[in-house]
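J.: There's a structure below that I have some questions on.
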Amino acid sequence: MVEMAARREGRTGALLAIGVGGLVAGGADLLQACVQHGGRVPLLIAGGLLGARAEQGGAWVYALGVALHFGIALTAAGIYYAASRRLQFMTEYSLLSGLYFGLSVGLVMDLIVLPLCALHDTDPWPIQTLVYGLVQKMIVVGLPIAYGVRWFGGRQIAGDVL
Amino acid sequence: MEATVTMQHSTKDRRKTQSALLAIGVGGLVAAALDLLQACVLFGHEIILVIAEGLVGDRGAQGGVFYYGLGVVLHVFIALTFAAFYYAVSRKLKFMTEYPLVCGLCYGAGVQLVMMLIVLPLCAFHQRDPIPVKGMLEGLAIHMVVVGLPIAYAVRRFARNA
């Protein structure tokens with residue numbers, strides 16, 4: 001009975017941590033991207049799935065771009081949450097772990113996802129662009145996810161969610 | 001009585017210094033050797049002159065025993081510096097010795113990013129060219145293994161925690 005209640009509490013904590021972290025990271029990242037590159041950013045994101053067709057625009061393509069973006073952010077938050085159940089230091093040192101996680105998210109997106117998705121972006125990265133992008137991801141993606149998991153993820157004992 | 005306590009402290013300090021030097025020395029030298037070996041296999045032994053160019057500019061390309069020696073010394077010095085940094089940080093962040101696999105791989109990636117995005121553009125080599133995606137991915141994977149892991153495991157194996 002107590003175990004079931006603890007499990008339910010753990011599941012709620014996990015969903016809350018992933019939800020808050022992922023949504024804040026997704027929102028902040030989309031906001032900074034739109035401020036920097038304009039309102040067509042969701043179309044570019046949708047282009048990752050649809051290819052060149054996404055450039056035509058339209059409400060559903062915009063919505064698809066936004067949904068994809070938040071899907072990726074929530075996935076990243078899910079990965080951080082899952083890893084933090086095994087590696088306790090990820091919740092103890094949220095600042096450091098969050099910044100490094102944001103850096104990793106930036107690298108995975110720039111070096112693996114963009115070349116492999118329908119955008120097929122294999123152009124070499126100018127150093128300055130890469131550095132700015134990574135620093136932004138460290139702050140607007142890594143930190144919200146790390147602190148979301150720290151504040152809402154509940155405590156873990158010997159790798160189990162409690 | 002006081003003299004005995006002082007002697008015990010100085011013996012403890014000496015042991016700690018010795019273990020620190022051993023950890024940094026073994027980690028840094030193994031990382032340097034493996035990294036230089038893989039670089040020479042991949043790019044030829046001219047890569048040593050490219051390292052020397054980081055300090056002396058175009059003159060390094062002339063070749064000769066001096067510039068080869070300088071290149072090797074610089075390479076080993078950089079590896080030892082990174083090993084010392086890992087050691088110093090691991091004194092505060094205990095998880096770096098508890099999880100050498102994860103932390104070593106992350107540290108190797110960090111070393112590659114620092115070298116590619118900060119050191120190479122700022123040194124006499126003045127790297128300005130955009131970075132190819134494939135080259136960056138290969139560099140990250142290689143440095144995670146040949147630089148990060150030797151340093152992390154040497155610090156775990158040889159450094160005293162007291």
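Residues in the structure tokens are numbered from 1 in each chain, the chains being A, B, ... in the order shown, and ligands are numbered from 1 in the order shown.
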At a cut-off of 10 Å, list the chain A residues touching chain B, using only C-alpha atoms, as a list in words.
T.: Leu87, Gln88, Phe89, Met90, Tyr93, Tyr100, Phe101, Leu103, Ser104, Leu107, Val108, Asp110, Leu111, Ile112, Pro115, Asp121, Thr122, Asp123, Pro124, Trp125, Pro126, Ile127, Gln128, Thr129, Leu130 and Val131 of chain A
J.: As a PDB file with N, CA and C atoms, in the first residue's frame, please: the residues near stretch 43-58 of chain A (cut-off 7 Å, only C-alpha atoms, same-chain neighbours under 4 positions excluded).
T.:
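To be explicit, this is the file written out as out.pdb:
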ATOM      1  N   TYR A  62       3.002  25.568 -39.113  1.00  0.00           N
ATOM      2  CA  TYR A  62       3.479  26.303 -37.920  1.00  0.00           C
ATOM      3  C   TYR A  62       3.259  25.456 -36.672  1.00  0.00           C
ATOM      4  N   LEU A  64       2.863  22.260 -36.453  1.00  0.00           N
ATOM      5  CA  LEU A  64       3.731  21.083 -36.470  1.00  0.00           C
ATOM      6  C   LEU A  64       5.133  21.452 -35.968  1.00  0.00           C
ATOM      7  N   GLY A  65       5.642  22.604 -36.438  1.00  0.00           N
ATOM      8  CA  GLY A  65       6.965  23.066 -36.004  1.00  0.00           C
ATOM      9  C   GLY A  65       7.021  23.267 -34.499  1.00  0.00           C
ATOM     10  N   HIS A  69       9.119  21.036 -31.823  1.00  0.00           N
ATOM     11  CA  HIS A  69      10.078  21.696 -30.940  1.00  0.00           C
ATOM     12  C   HIS A  69       9.845  21.292 -29.482  1.00  0.00           C
ATOM     13  N   CYS A 117      18.089  14.790 -40.360  1.00  0.00           N
ATOM     14  CA  CYS A 117      16.661  15.042 -40.594  1.00  0.00           C
ATOM     15  C   CYS A 117      16.454  15.504 -42.034  1.00  0.00           C
ATOM     16  N   ALA A 118      15.214  15.852 -42.364  1.00  0.00           N
ATOM     17  CA  ALA A 118      14.894  16.214 -43.755  1.00  0.00           C
ATOM     18  C   ALA A 118      15.572  17.515 -44.195  1.00  0.00           C
ATOM     19  N   LEU A 119      16.121  18.275 -43.256  1.00  0.00           N
ATOM     20  CA  LEU A 119      16.851  19.502 -43.638  1.00  0.00           C
ATOM     21  C   LEU A 119      18.204  19.168 -44.261  1.00  0.00           C
TER      22      LEU A 119
END
J.: Name the closest residue to B:Gly108 among the candidates B:Val65, B:Met144, B:Ile151, B:Leu120; distances are taken between atoms, counting only C-alpha atoms.
T.: B:Met144
J.: When distances are computed from only C-alpha atoms, which of A:Ala6, A:Val61, A:Val20, A:Thr12 shows the smallest separation from A:Arg40?
T.: A:Val61
J.: To one decimal in Å, tell me the separation between atom CA of B:Gly148 and atom CA of B:Tyr87.
T.: 12.0 Å
J.: Which polymer residues have any atom within 12 Å of an atom of B:Val76, counting only C-alpha atoms, with same-chain residues fewer than 6 positions away left out, as a ChimeraX atom specification?
T.: /B:24-36,48,51-52,69-70,82-83,147
J.: Keeping only N, CA and C atoms, write those residues as an mmCIF file, in the first residue's frame.
T.:
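Dumped everything to part.cif:
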data_model
loop_
_atom_site.group_PDB
_atom_site.id
_atom_site.type_symbol
_atom_site.label_atom_id
_atom_site.label_comp_id
_atom_site.auth_asym_id
_atom_site.auth_seq_id
_atom_site.Cartn_x
_atom_site.Cartn_y
_atom_site.Cartn_z
ATOM 1 N N ILE B 24 48.209 13.081 -12.078
ATOM 2 C CA ILE B 24 48.291 14.032 -13.190
ATOM 3 C C ILE B 24 49.301 13.536 -14.232
ATOM 4 N N GLY B 25 50.430 13.037 -13.745
ATOM 5 C CA GLY B 25 51.480 12.565 -14.661
ATOM 6 C C GLY B 25 51.007 11.392 -15.493
ATOM 7 N N VAL B 26 50.475 10.363 -14.836
ATOM 8 C CA VAL B 26 50.034 9.168 -15.572
ATOM 9 C C VAL B 26 48.890 9.529 -16.526
ATOM 10 N N GLY B 27 47.882 10.217 -15.995
ATOM 11 C CA GLY B 27 46.729 10.582 -16.833
ATOM 12 C C GLY B 27 47.138 11.443 -18.012
ATOM 13 N N GLY B 28 47.908 12.488 -17.734
ATOM 14 C CA GLY B 28 48.308 13.420 -18.791
ATOM 15 C C GLY B 28 49.190 12.769 -19.834
ATOM 16 N N LEU B 29 50.159 11.953 -19.380
ATOM 17 C CA LEU B 29 51.088 11.344 -20.339
ATOM 18 C C LEU B 29 50.412 10.262 -21.190
ATOM 19 N N VAL B 30 49.566 9.460 -20.563
ATOM 20 C CA VAL B 30 48.853 8.431 -21.346
ATOM 21 C C VAL B 30 47.925 9.107 -22.362
ATOM 22 N N ALA B 31 47.196 10.134 -21.903
ATOM 23 C CA ALA B 31 46.293 10.856 -22.815
ATOM 24 C C ALA B 31 47.088 11.483 -23.958
ATOM 25 N N ALA B 32 48.223 12.121 -23.634
ATOM 26 C CA ALA B 32 49.038 12.773 -24.662
ATOM 27 C C ALA B 32 49.556 11.755 -25.672
ATOM 28 N N ALA B 33 50.045 10.614 -25.161
ATOM 29 C CA ALA B 33 50.612 9.606 -26.054
ATOM 30 C C ALA B 33 49.540 9.034 -26.990
ATOM 31 N N LEU B 34 48.390 8.675 -26.419
ATOM 32 C CA LEU B 34 47.324 8.093 -27.243
ATOM 33 C C LEU B 34 46.814 9.101 -28.273
ATOM 34 N N ASP B 35 46.673 10.362 -27.829
ATOM 35 C CA ASP B 35 46.142 11.391 -28.720
ATOM 36 C C ASP B 35 47.121 11.678 -29.867
ATOM 37 N N LEU B 36 48.408 11.740 -29.531
ATOM 38 C CA LEU B 36 49.408 12.003 -30.568
ATOM 39 C C LEU B 36 49.487 10.825 -31.530
ATOM 40 N N ILE B 48 52.549 17.180 -35.897
ATOM 41 C CA ILE B 48 53.359 17.714 -34.788
ATOM 42 C C ILE B 48 53.802 19.149 -35.109
ATOM 43 N N ILE B 51 50.997 21.535 -34.464
ATOM 44 C CA ILE B 51 50.891 21.898 -33.038
ATOM 45 C C ILE B 51 51.891 23.019 -32.725
ATOM 46 N N ALA B 52 53.124 22.876 -33.240
ATOM 47 C CA ALA B 52 54.140 23.907 -33.001
ATOM 48 C C ALA B 52 53.701 25.249 -33.597
ATOM 49 N N GLY B 69 60.283 18.855 -31.876
ATOM 50 C CA GLY B 69 60.396 18.768 -30.414
ATOM 51 C C GLY B 69 59.434 19.713 -29.723
ATOM 52 N N LEU B 70 59.358 20.934 -30.252
ATOM 53 C CA LEU B 70 58.455 21.934 -29.664
ATOM 54 C C LEU B 70 56.998 21.458 -29.729
ATOM 55 N N PHE B 82 45.390 19.741 -18.790
ATOM 56 C CA PHE B 82 44.007 19.257 -18.692
ATOM 57 C C PHE B 82 43.880 18.209 -17.582
ATOM 58 N N ALA B 83 44.906 17.362 -17.425
ATOM 59 C CA ALA B 83 44.871 16.354 -16.347
ATOM 60 C C ALA B 83 44.899 17.051 -14.982
ATOM 61 N N VAL B 147 41.494 10.928 -24.568
ATOM 62 C CA VAL B 147 41.930 11.963 -23.610
ATOM 63 C C VAL B 147 41.128 11.868 -22.302
#
J.: What does the structure give for the distance between atom CA of B:Ile142 and atom CA of B:Leu49, in Å to one decimal?
T.: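 Atom-to-atom, atom CA of B:Ile142 to atom CA of B:Leu49, that is 20.4 Å.
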J.: To one decimal place, how far is atom CA of B:Ile47 from atom CA of B:Ala152 in Å?
T.: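 Atom CA of B:Ala152 lies 25.5 Å from atom CA of B:Ile47.
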J.: Find the residues around A:Val140 up to 6 Å (only C-alpha atoms counted), leave out those fewer than 3 positions away in its own chain, and share them as a PDB file with C-alpha atoms, in the first residue's frame.
T.:
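What follows is the written file out12.pdb:
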ATOM      1  CA  ALA A  25      13.183  24.932 -21.941  1.00  0.00           C
ATOM      2  CA  ALA A  28      12.582  29.856 -23.714  1.00  0.00           C
ATOM      3  CA  ASP A  29      14.464  28.305 -26.642  1.00  0.00           C
ATOM      4  CA  GLN A 136      22.360  29.696 -25.660  1.00  0.00           C
ATOM      5  CA  LYS A 137      21.428  26.023 -25.343  1.00  0.00           C
TER       6      LYS A 137
END
J.: Can you tell me, as a list in words, what residues are no more than 9 Å from B:Tyr153 when counting only C-alpha atoms, ignoring any on the same chain fewer than 3 positions away?
T.: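 The neighbour list is Ala23, Gly27, Thr97, Pro100, Leu101, Gly104, Gly148, Leu149, Pro150, Arg156, Arg157 and Phe158 of chain B.
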J.: Please give the complete set of residues from chain A that DSSP, run on the backbone, assigns to helix (DSSP H, G or I), formatted as a PyMOL selection string.
T.: chain A and resi 2-37+41-56+59-86+89-92+94-116+127-152
J.: Report as an NGL selection string all protein, DNA and RNA residues lying within 12 Å of stretch 74-79 of chain A, evaluated on only C-alpha atoms, omitting residues in the same chain fewer than 5 positions from it.
T.: :A and (14-27 or 67-69 or 84-87 or 90 or 98 or 101-106 or 108-109 or 137 or 141-150 or 153)
J.: Go ahead and dump the residues you just picked, N, CA and C atoms, as a short mmCIF file (atom, residue, chain, number, x, y, z; two decimals), in the first residue's frame.
T.:
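Final output, saved to again-v3.cif:
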data_model
loop_
_atom_site.label_atom_id
_atom_site.label_comp_id
_atom_site.auth_asym_id
_atom_site.auth_seq_id
_atom_site.Cartn_x
_atom_site.Cartn_y
_atom_site.Cartn_z
N ALA A 14 7.83 12.64 -11.57
CA ALA A 14 8.56 12.51 -12.83
C ALA A 14 7.87 13.33 -13.93
N LEU A 15 6.53 13.17 -14.03
CA LEU A 15 5.79 13.90 -15.07
C LEU A 15 5.89 15.40 -14.86
N LEU A 16 5.81 15.82 -13.61
CA LEU A 16 5.90 17.25 -13.30
C LEU A 16 7.29 17.79 -13.66
N ALA A 17 8.32 17.03 -13.26
CA ALA A 17 9.70 17.47 -13.54
C ALA A 17 9.94 17.57 -15.04
N ILE A 18 9.56 16.51 -15.76
CA ILE A 18 9.79 16.50 -17.21
C ILE A 18 8.93 17.56 -17.88
N GLY A 19 7.69 17.69 -17.43
CA GLY A 19 6.78 18.67 -18.01
C GLY A 19 7.26 20.09 -17.81
N VAL A 20 7.55 20.44 -16.56
CA VAL A 20 7.99 21.81 -16.27
C VAL A 20 9.32 22.10 -16.97
N GLY A 21 10.29 21.19 -16.77
CA GLY A 21 11.61 21.40 -17.38
C GLY A 21 11.53 21.50 -18.89
N GLY A 22 10.82 20.55 -19.50
CA GLY A 22 10.72 20.52 -20.96
C GLY A 22 9.97 21.71 -21.52
N LEU A 23 8.86 22.06 -20.88
CA LEU A 23 8.05 23.18 -21.41
C LEU A 23 8.76 24.52 -21.24
N VAL A 24 9.40 24.73 -20.09
CA VAL A 24 10.14 25.99 -19.89
C VAL A 24 11.32 26.07 -20.87
N ALA A 25 12.05 24.94 -21.01
CA ALA A 25 13.18 24.93 -21.94
C ALA A 25 12.69 25.16 -23.37
N GLY A 26 11.63 24.45 -23.75
CA GLY A 26 11.08 24.61 -25.11
C GLY A 26 10.60 26.02 -25.35
N GLY A 27 9.90 26.59 -24.37
CA GLY A 27 9.38 27.96 -24.51
C GLY A 27 10.50 28.98 -24.62
N ALA A 67 4.98 21.94 -32.26
CA ALA A 67 4.81 20.65 -31.58
C ALA A 67 6.11 19.85 -31.61
N LEU A 68 6.79 19.84 -32.76
CA LEU A 68 8.07 19.13 -32.86
C LEU A 68 9.08 19.70 -31.88
N HIS A 69 9.12 21.04 -31.82
CA HIS A 69 10.08 21.70 -30.94
C HIS A 69 9.85 21.29 -29.48
N SER A 84 19.23 11.12 -14.29
CA SER A 84 19.43 11.63 -12.92
C SER A 84 18.97 10.63 -11.86
N ARG A 85 18.19 9.62 -12.26
CA ARG A 85 17.79 8.60 -11.28
C ARG A 85 18.96 7.69 -10.94
N ARG A 86 19.88 7.54 -11.90
CA ARG A 86 21.07 6.71 -11.67
C ARG A 86 22.25 7.55 -11.16
N LEU A 87 22.41 8.74 -11.76
CA LEU A 87 23.56 9.59 -11.42
C LEU A 87 23.06 10.70 -10.50
N MET A 90 23.56 14.58 -10.70
CA MET A 90 22.84 15.44 -11.64
C MET A 90 21.77 16.27 -10.94
N GLY A 98 23.34 20.98 -15.56
CA GLY A 98 22.43 21.61 -16.50
C GLY A 98 23.17 22.28 -17.65
N PHE A 101 24.54 19.59 -19.83
CA PHE A 101 23.46 18.92 -20.58
C PHE A 101 22.99 19.80 -21.73
N GLY A 102 22.86 21.10 -21.48
CA GLY A 102 22.47 22.03 -22.55
C GLY A 102 23.48 22.03 -23.69
N LEU A 103 24.76 21.98 -23.32
CA LEU A 103 25.83 21.90 -24.32
C LEU A 103 25.68 20.63 -25.16
N SER A 104 25.40 19.53 -24.47
CA SER A 104 25.24 18.25 -25.18
C SER A 104 24.03 18.28 -26.10
N VAL A 105 22.94 18.88 -25.63
CA VAL A 105 21.74 18.98 -26.48
C VAL A 105 22.09 19.78 -27.74
N GLY A 106 22.81 20.89 -27.56
CA GLY A 106 23.21 21.71 -28.71
C GLY A 106 24.06 20.92 -29.69
N VAL A 108 24.24 17.58 -30.04
CA VAL A 108 23.46 16.51 -30.68
C VAL A 108 22.58 17.09 -31.78
N MET A 109 21.95 18.23 -31.50
CA MET A 109 21.07 18.85 -32.51
C MET A 109 21.90 19.31 -33.72
N LYS A 137 22.05 27.30 -25.76
CA LYS A 137 21.43 26.02 -25.34
C LYS A 137 21.79 25.69 -23.89
N VAL A 141 18.15 25.87 -22.37
CA VAL A 141 17.66 24.49 -22.37
C VAL A 141 18.18 23.72 -21.15
N GLY A 142 19.50 23.76 -20.95
CA GLY A 142 20.09 22.95 -19.88
C GLY A 142 19.62 23.34 -18.49
N LEU A 143 19.65 24.62 -18.19
CA LEU A 143 19.31 25.04 -16.81
C LEU A 143 17.85 24.79 -16.44
N PRO A 144 16.87 25.16 -17.30
CA PRO A 144 15.47 24.87 -16.91
C PRO A 144 15.22 23.39 -16.68
N ILE A 145 15.81 22.54 -17.52
CA ILE A 145 15.59 21.10 -17.36
C ILE A 145 16.22 20.61 -16.05
N ALA A 146 17.47 21.03 -15.80
CA ALA A 146 18.16 20.57 -14.59
C ALA A 146 17.43 21.03 -13.33
N TYR A 147 17.00 22.29 -13.30
CA TYR A 147 16.32 22.78 -12.10
C TYR A 147 14.89 22.25 -12.01
N GLY A 148 14.27 22.01 -13.16
CA GLY A 148 12.94 21.38 -13.16
C GLY A 148 13.01 20.02 -12.49
N VAL A 149 14.03 19.23 -12.86
CA VAL A 149 14.19 17.89 -12.28
C VAL A 149 14.58 18.00 -10.81
N ARG A 150 15.41 18.98 -10.47
CA ARG A 150 15.83 19.13 -9.07
C ARG A 150 14.65 19.48 -8.16
N GLY A 153 11.42 16.67 -9.31
CA GLY A 153 11.64 15.25 -9.62
C GLY A 153 11.56 14.31 -8.44
#
